[in-house]
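Asker: Provided herewith: my_file-v2.cif, mmCIF, C-alpha atoms.
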data_input
loop_
_atom_site.group_PDB
_atom_site.id
_atom_site.type_symbol
_atom_site.label_atom_id
_atom_site.label_comp_id
_atom_site.auth_asym_id
_atom_site.auth_seq_id
_atom_site.Cartn_x
_atom_site.Cartn_y
_atom_site.Cartn_z
ATOM 1 C CA GLN Y 1 113.260 83.346 152.304
ATOM 2 C CA SER Y 2 115.175 83.792 149.090
ATOM 3 C CA PHE Y 3 116.263 87.205 147.801
ATOM 4 C CA PRO Y 4 118.107 88.113 144.599
ATOM 5 C CA SER Y 5 121.475 89.838 144.516
ATOM 6 C CA CYS Y 6 121.206 93.593 144.151
ATOM 7 C CA ARG Y 7 123.435 96.496 143.263
ATOM 8 C CA ILE Y 8 123.896 99.036 146.055
ATOM 9 C CA ALA Y 9 125.543 102.412 146.418
ATOM 10 C CA TYR Y 10 126.891 103.028 149.910
ATOM 11 C CA VAL Y 11 128.728 105.425 152.176
ATOM 12 C CA ARG Y 12 130.815 103.909 154.969
ATOM 13 C CA HIS Y 13 130.813 105.416 158.443
ATOM 14 C CA ILE Y 14 133.715 104.487 160.735
ATOM 15 C CA GLY Y 15 133.251 105.550 164.332
ATOM 16 C CA ASP Y 16 130.641 104.693 166.921
ATOM 17 C CA TYR Y 17 127.102 103.559 166.196
ATOM 18 C CA ASP Y 18 125.628 106.954 167.022
ATOM 19 C CA PHE Y 19 123.984 110.028 165.470
ATOM 20 C CA ARG Y 20 126.963 110.555 163.138
ATOM 21 C CA ILE Y 21 125.723 107.633 161.044
ATOM 22 C CA GLY Y 22 123.133 110.132 159.819
ATOM 23 C CA PHE Y 23 125.885 112.016 157.974
ATOM 24 C CA ALA Y 24 126.560 108.911 155.858
ATOM 25 C CA TRP Y 25 122.850 108.688 155.015
ATOM 26 C CA THR Y 26 122.676 112.391 154.147
ATOM 27 C CA THR Y 27 125.689 112.132 151.836
ATOM 28 C CA LEU Y 28 124.355 108.983 150.144
ATOM 29 C CA MET Y 29 120.818 110.214 149.588
ATOM 30 C CA ALA Y 30 121.943 113.631 148.279
ATOM 31 C CA TRP Y 31 124.237 111.837 145.809
ATOM 32 C CA ALA Y 32 121.433 109.498 144.692
ATOM 33 C CA ARG Y 33 118.863 112.322 144.352
ATOM 34 C CA LYS Y 34 121.265 114.417 142.274
ATOM 35 C CA ARG Y 35 121.566 111.476 139.837
ATOM 36 C CA ASN Y 36 117.813 110.685 139.802
ATOM 37 C CA LEU Y 37 118.489 107.217 141.209
ATOM 38 C CA LEU Y 38 115.711 107.237 143.804
ATOM 39 C CA GLY Y 39 112.283 105.924 142.922
ATOM 40 C CA PRO Y 40 109.411 103.842 144.264
ATOM 41 C CA ASP Y 41 111.476 100.640 143.990
ATOM 42 C CA SER Y 42 114.523 102.035 145.820
ATOM 43 C CA VAL Y 43 115.386 100.125 148.985
ATOM 44 C CA ARG Y 44 117.381 101.534 151.887
ATOM 45 C CA ILE Y 45 119.721 98.963 153.430
ATOM 46 C CA SER Y 46 122.269 99.133 156.223
ATOM 47 C CA LEU Y 47 125.179 96.872 157.057
ATOM 48 C CA SER Y 48 126.848 96.867 160.478
ATOM 49 C CA TRP Y 49 130.185 95.109 160.200
ATOM 50 C CA ASP Y 50 131.362 95.023 163.804
ATOM 51 C CA GLU Y 51 130.175 93.970 167.260
ATOM 52 C CA PRO Y 52 130.302 96.946 169.642
ATOM 53 C CA GLY Y 53 131.511 94.789 172.558
ATOM 54 C CA LEU Y 54 134.416 93.373 170.526
ATOM 55 C CA THR Y 55 135.539 96.342 168.424
ATOM 56 C CA PRO Y 56 137.550 99.224 169.884
ATOM 57 C CA ASP Y 57 135.733 102.519 170.416
ATOM 58 C CA GLY Y 58 135.592 104.657 167.311
ATOM 59 C CA ARG Y 59 136.360 101.767 164.908
ATOM 60 C CA LEU Y 60 132.872 100.382 164.228
ATOM 61 C CA ARG Y 61 132.029 100.132 160.516
ATOM 62 C CA TYR Y 62 128.540 100.871 159.194
ATOM 63 C CA ASP Y 63 127.422 101.147 155.556
ATOM 64 C CA ALA Y 64 124.409 103.295 154.648
ATOM 65 C CA CYS Y 65 123.143 101.823 151.348
ATOM 66 C CA VAL Y 66 120.491 102.261 148.691
ATOM 67 C CA THR Y 67 119.720 99.992 145.761
ATOM 68 C CA VAL Y 68 120.775 101.366 142.366
ATOM 69 C CA PRO Y 69 120.520 100.171 138.757
ATOM 70 C CA GLU Y 70 123.212 98.024 137.178
ATOM 71 C CA GLY Y 71 125.907 100.150 135.599
ATOM 72 C CA THR Y 72 125.796 102.818 138.319
ATOM 73 C CA GLU Y 73 129.263 104.090 139.191
ATOM 74 C CA GLY Y 74 130.377 105.438 142.554
ATOM 75 C CA GLU Y 75 131.971 108.818 143.047
ATOM 76 C CA GLY Y 76 133.704 110.567 145.949
ATOM 77 C CA GLN Y 77 132.555 109.077 149.253
ATOM 78 C CA VAL Y 78 129.996 106.878 147.476
ATOM 79 C CA SER Y 79 131.041 103.372 146.455
ATOM 80 C CA VAL Y 80 129.031 100.749 144.561
ATOM 81 C CA LYS Y 81 128.998 96.969 144.971
ATOM 82 C CA THR Y 82 126.752 93.926 144.617
ATOM 83 C CA LEU Y 83 125.016 92.593 147.699
ATOM 84 C CA GLU Y 84 124.851 88.815 147.397
ATOM 85 C CA GLY Y 85 121.450 87.171 147.332
ATOM 86 C CA GLY Y 86 120.329 83.697 148.342
ATOM 87 C CA SER Y 87 118.561 82.229 151.366
ATOM 88 C CA PHE Y 88 118.078 84.379 154.455
ATOM 89 C CA ALA Y 89 116.441 84.049 157.838
ATOM 90 C CA VAL Y 90 114.304 87.177 158.251
ATOM 91 C CA PHE Y 91 113.629 88.818 161.604
ATOM 92 C CA PRO Y 92 111.338 91.894 161.689
ATOM 93 C CA TYR Y 93 111.926 94.684 164.179
ATOM 94 C CA VAL Y 94 109.523 97.468 165.094
ATOM 95 C CA GLY Y 95 110.589 99.736 167.909
ATOM 96 C CA LYS Y 96 112.879 102.415 169.217
ATOM 97 C CA VAL Y 97 116.602 102.599 168.649
ATOM 98 C CA ASP Y 98 117.217 101.764 172.315
ATOM 99 C CA GLY Y 99 115.578 98.343 171.834
ATOM 100 C CA LEU Y 100 118.006 97.210 169.145
ATOM 101 C CA ALA Y 101 120.617 95.732 171.504
ATOM 102 C CA ASP Y 102 118.017 93.449 173.135
ATOM 103 C CA PHE Y 103 116.647 92.523 169.694
ATOM 104 C CA TYR Y 104 120.110 91.478 168.437
ATOM 105 C CA ASP Y 105 120.854 89.594 171.657
ATOM 106 C CA GLU Y 106 117.584 87.683 171.222
ATOM 107 C CA VAL Y 107 118.164 86.891 167.526
ATOM 108 C CA TYR Y 108 121.857 85.968 167.695
ATOM 109 C CA GLY Y 109 121.943 84.588 171.243
ATOM 110 C CA VAL Y 110 118.672 82.641 171.396
ATOM 111 C CA ARG Y 111 116.649 82.312 168.202
ATOM 112 C CA LEU Y 112 119.441 81.458 165.750
ATOM 113 C CA PRO Y 113 121.182 78.921 168.015
ATOM 114 C CA LYS Y 114 117.841 77.201 168.728
ATOM 115 C CA SER Y 115 116.892 77.180 165.023
ATOM 116 C CA GLY Y 116 119.678 74.841 163.931
ATOM 117 C CA LEU Y 117 120.215 76.992 160.828
ATOM 118 C CA ARG Y 118 123.716 77.164 159.346
ATOM 119 C CA LEU Y 119 124.960 80.646 158.539
ATOM 120 C CA ARG Y 120 126.713 81.583 155.312
ATOM 121 C CA ASP Y 121 129.966 83.533 155.528
ATOM 122 C CA ILE Y 122 128.626 86.752 154.032
ATOM 123 C CA PRO Y 123 127.254 89.787 155.836
ATOM 124 C CA GLY Y 124 123.677 90.076 156.932
ATOM 125 C CA TYR Y 125 121.912 93.375 156.567
ATOM 126 C CA ARG Y 126 118.832 95.388 157.477
ATOM 127 C CA VAL Y 127 116.166 96.531 155.033
ATOM 128 C CA HIS Y 128 114.666 99.782 156.292
ATOM 129 C CA ARG Y 129 110.888 99.990 155.947
ATOM 130 C CA GLU Y 130 110.496 103.082 158.138
ATOM 131 C CA SER Y 131 110.470 106.548 156.633
ATOM 132 C CA ALA Y 132 113.744 108.444 156.497
ATOM 133 C CA THR Y 133 112.340 110.822 159.133
ATOM 134 C CA ASP Y 134 111.448 107.950 161.482
ATOM 135 C CA GLN Y 135 114.905 106.471 160.949
ATOM 136 C CA ILE Y 136 116.496 109.798 161.938
ATOM 137 C CA ILE Y 137 114.473 110.081 165.151
ATOM 138 C CA GLY Y 138 115.037 106.435 166.090
ATOM 139 C CA ASN Y 139 111.681 104.834 165.292
ATOM 140 C CA TYR Y 140 112.577 101.697 163.371
ATOM 141 C CA ARG Y 141 110.575 99.309 161.238
ATOM 142 C CA HIS Y 142 113.046 97.079 159.461
ATOM 143 C CA GLU Y 143 113.852 93.487 158.746
ATOM 144 C CA LEU Y 144 117.108 91.863 159.655
ATOM 145 C CA ARG Y 145 118.216 89.436 156.950
ATOM 146 C CA ILE Y 146 120.776 86.847 158.027
ATOM 147 C CA PRO Y 147 122.278 84.681 155.248
ATOM 148 C CA ILE Y 148 121.762 80.943 155.759
ATOM 149 C CA GLU Y 149 122.688 77.788 153.864
#
The structure in this file should be written as structure tokens.
Answerer:
Amino acid sequence: QSFPSCRIAYVRHIGDYDFRIGFAWTTLMAWARKRNLLGPDSVRISLSWDEPGLTPDGRLRYDACVTVPEGTEGEGQVSVKTLEGGSFAVFPYVGKVDGLADFYDEVYGVRLPKSGLRLRDIPGYRVHRESATDQIIGNYRHELRIPIE
């Protein structure tokens, strides 16, 4: 599928992929609410930059993101950048947080290699379709978007 580029505000978490990621989300959403940047078209996105098996403990990078209008400026812990659009392979996930590792193993270890698709050298990301409350308690409904040529 093809998706346009979008402007995102984000807070980066560096540590383990654990409950502390929630602090990045809390900081980001409080910042966005205070500036009236959240609305019905807002999209929550997350980017995981590192592979847990290859990155030393405590050094995993994760960006909690929300789409924002052009011209939005970051402040404090909140940065702003453009997320590149283009063609993406889309993989939906519905399940508990403890099923994510198997999901990623299936997508990256089986489905993508069998597909013959060529990946672009930009980060993939997840679009969160679950409520913020479900995200906090580990009930996910999101789509993994992997950039392809």
Asker: Could you please determine the separation between atom CA of Arg35 of chain Y and atom CA of Thr72 of chain Y in Å, to one decimal place?
Answerer: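 Distance between the two atoms: 9.8 Å.
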Asker: Using only C-alpha atoms, which protein or nucleic acid residues come within 10 Å of Lys96 of chain Y? Drop anything in the same chain fewer than 4 positions from it, and give the result as a ChimeraX atom specification.
Answerer: /Y:100,134-135,137-141
Asker: Might you spell out which residues the PyMOL selection byres ((chain Y and resi 77-92) around 9) would select in the displayed file, as a PyMOL selection string?
Answerer: chain Y and resi 1-12+24+27-28+31+68+72-76+93-94+107+112+117+119+122-124+141-149
Asker: Generate the output file for the selected residues, C-alpha atoms, as a PDB file, in the coordinates of the input.
Answerer:
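Contents of again_37.pdb, as written:
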ATOM      1  CA  GLN Y   1     113.260  83.346 152.304  1.00  0.00           C
ATOM      2  CA  SER Y   2     115.175  83.792 149.090  1.00  0.00           C
ATOM      3  CA  PHE Y   3     116.263  87.205 147.801  1.00  0.00           C
ATOM      4  CA  PRO Y   4     118.107  88.113 144.599  1.00  0.00           C
ATOM      5  CA  SER Y   5     121.475  89.838 144.516  1.00  0.00           C
ATOM      6  CA  CYS Y   6     121.206  93.593 144.151  1.00  0.00           C
ATOM      7  CA  ARG Y   7     123.435  96.496 143.263  1.00  0.00           C
ATOM      8  CA  ILE Y   8     123.896  99.036 146.055  1.00  0.00           C
ATOM      9  CA  ALA Y   9     125.543 102.412 146.418  1.00  0.00           C
ATOM     10  CA  TYR Y  10     126.891 103.028 149.910  1.00  0.00           C
ATOM     11  CA  VAL Y  11     128.728 105.425 152.176  1.00  0.00           C
ATOM     12  CA  ARG Y  12     130.815 103.909 154.969  1.00  0.00           C
ATOM     13  CA  ALA Y  24     126.560 108.911 155.858  1.00  0.00           C
ATOM     14  CA  THR Y  27     125.689 112.132 151.836  1.00  0.00           C
ATOM     15  CA  LEU Y  28     124.355 108.983 150.144  1.00  0.00           C
ATOM     16  CA  TRP Y  31     124.237 111.837 145.809  1.00  0.00           C
ATOM     17  CA  VAL Y  68     120.775 101.366 142.366  1.00  0.00           C
ATOM     18  CA  THR Y  72     125.796 102.818 138.319  1.00  0.00           C
ATOM     19  CA  GLU Y  73     129.263 104.090 139.191  1.00  0.00           C
ATOM     20  CA  GLY Y  74     130.377 105.438 142.554  1.00  0.00           C
ATOM     21  CA  GLU Y  75     131.971 108.818 143.047  1.00  0.00           C
ATOM     22  CA  GLY Y  76     133.704 110.567 145.949  1.00  0.00           C
ATOM     23  CA  TYR Y  93     111.926  94.684 164.179  1.00  0.00           C
ATOM     24  CA  VAL Y  94     109.523  97.468 165.094  1.00  0.00           C
ATOM     25  CA  VAL Y 107     118.164  86.891 167.526  1.00  0.00           C
ATOM     26  CA  LEU Y 112     119.441  81.458 165.750  1.00  0.00           C
ATOM     27  CA  LEU Y 117     120.215  76.992 160.828  1.00  0.00           C
ATOM     28  CA  LEU Y 119     124.960  80.646 158.539  1.00  0.00           C
ATOM     29  CA  ILE Y 122     128.626  86.752 154.032  1.00  0.00           C
ATOM     30  CA  PRO Y 123     127.254  89.787 155.836  1.00  0.00           C
ATOM     31  CA  GLY Y 124     123.677  90.076 156.932  1.00  0.00           C
ATOM     32  CA  ARG Y 141     110.575  99.309 161.238  1.00  0.00           C
ATOM     33  CA  HIS Y 142     113.046  97.079 159.461  1.00  0.00           C
ATOM     34  CA  GLU Y 143     113.852  93.487 158.746  1.00  0.00           C
ATOM     35  CA  LEU Y 144     117.108  91.863 159.655  1.00  0.00           C
ATOM     36  CA  ARG Y 145     118.216  89.436 156.950  1.00  0.00           C
ATOM     37  CA  ILE Y 146     120.776  86.847 158.027  1.00  0.00           C
ATOM     38  CA  PRO Y 147     122.278  84.681 155.248  1.00  0.00           C
ATOM     39  CA  ILE Y 148     121.762  80.943 155.759  1.00  0.00           C
ATOM     40  CA  GLU Y 149     122.688  77.788 153.864  1.00  0.00           C
TER      41      GLU Y 149
END
Asker: Nearest to Gly15 of chain Y among Y:Glu51, Y:Asp121, Y:Asp57, Y:Asp41, with distances taken over all atoms listed in the file: which residue is it?
Answerer: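 Between Y:Glu51, Y:Asp121, Y:Asp57, Y:Asp41, the residue approaching Gly15 of chain Y most closely is Y:Asp57.
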Asker: Would you compute the distance between atom CA of Pro69 of chain Y and atom CA of Ser131 of chain Y? Give it in Å to one decimal.
Answerer: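 Rounded to one decimal, the two atoms are 21.5 Å apart.
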Asker: With 8 Å as the threshold, what does the neighbourhood of (120.4, 108.4, 153.7) contain in terms of residues, counting only C-alpha atoms? Coordinates are those of the file; answer as a ChimeraX atom specification.
Answerer: /Y:22-30,44,64-66,132
Asker: Output C-alpha atoms for every residue in the selection just made, as a short mmCIF file (atom, residue, chain, number, x, y, z; two decimals), keeping the file's coordinate frame.
Answerer:
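Below is the file that was written, out34.cif:
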data_model
loop_
_atom_site.label_atom_id
_atom_site.label_comp_id
_atom_site.auth_asym_id
_atom_site.auth_seq_id
_atom_site.Cartn_x
_atom_site.Cartn_y
_atom_site.Cartn_z
CA GLY Y 22 123.13 110.13 159.82
CA PHE Y 23 125.88 112.02 157.97
CA ALA Y 24 126.56 108.91 155.86
CA TRP Y 25 122.85 108.69 155.01
CA THR Y 26 122.68 112.39 154.15
CA THR Y 27 125.69 112.13 151.84
CA LEU Y 28 124.36 108.98 150.14
CA MET Y 29 120.82 110.21 149.59
CA ALA Y 30 121.94 113.63 148.28
CA ARG Y 44 117.38 101.53 151.89
CA ALA Y 64 124.41 103.30 154.65
CA CYS Y 65 123.14 101.82 151.35
CA VAL Y 66 120.49 102.26 148.69
CA ALA Y 132 113.74 108.44 156.50
#
Asker: Quick check, in Å to one decimal: how far apart do atom CA of Val110 of chain Y and atom CA of Gly58 of chain Y lie?
Answerer: 28.1 Å
Asker: Of the candidates Y:Arg111, Y:Arg126, Y:His13, Y:Arg33, which one gets nearest to Asp63 of chain Y if we count all atoms listed in the file?
Answerer: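 For Asp63 of chain Y, the nearest of the candidates is Y:His13.
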Asker: Under the rule that all atoms listed in the file are counted, which of Y:Gly53, Y:Gly39, Y:Pro113, Y:Gly95 is the nearest residue to Thr67 of chain Y?
Answerer: Y:Gly39
Asker: Find the residue from Y:Pro56, Y:Val43, Y:Lys34, Y:Lys114 that sits nearest to Asp16 of chain Y; use only C-alpha atoms when measuring.
Answerer: Y:Pro56
Asker: Name the residues that the PyMOL selection byres ((chain Y and resi 50) around 9) pulls out of this structure, and write them as a PyMOL selection string.
Answerer: chain Y and resi 48-49+51-55+59-62
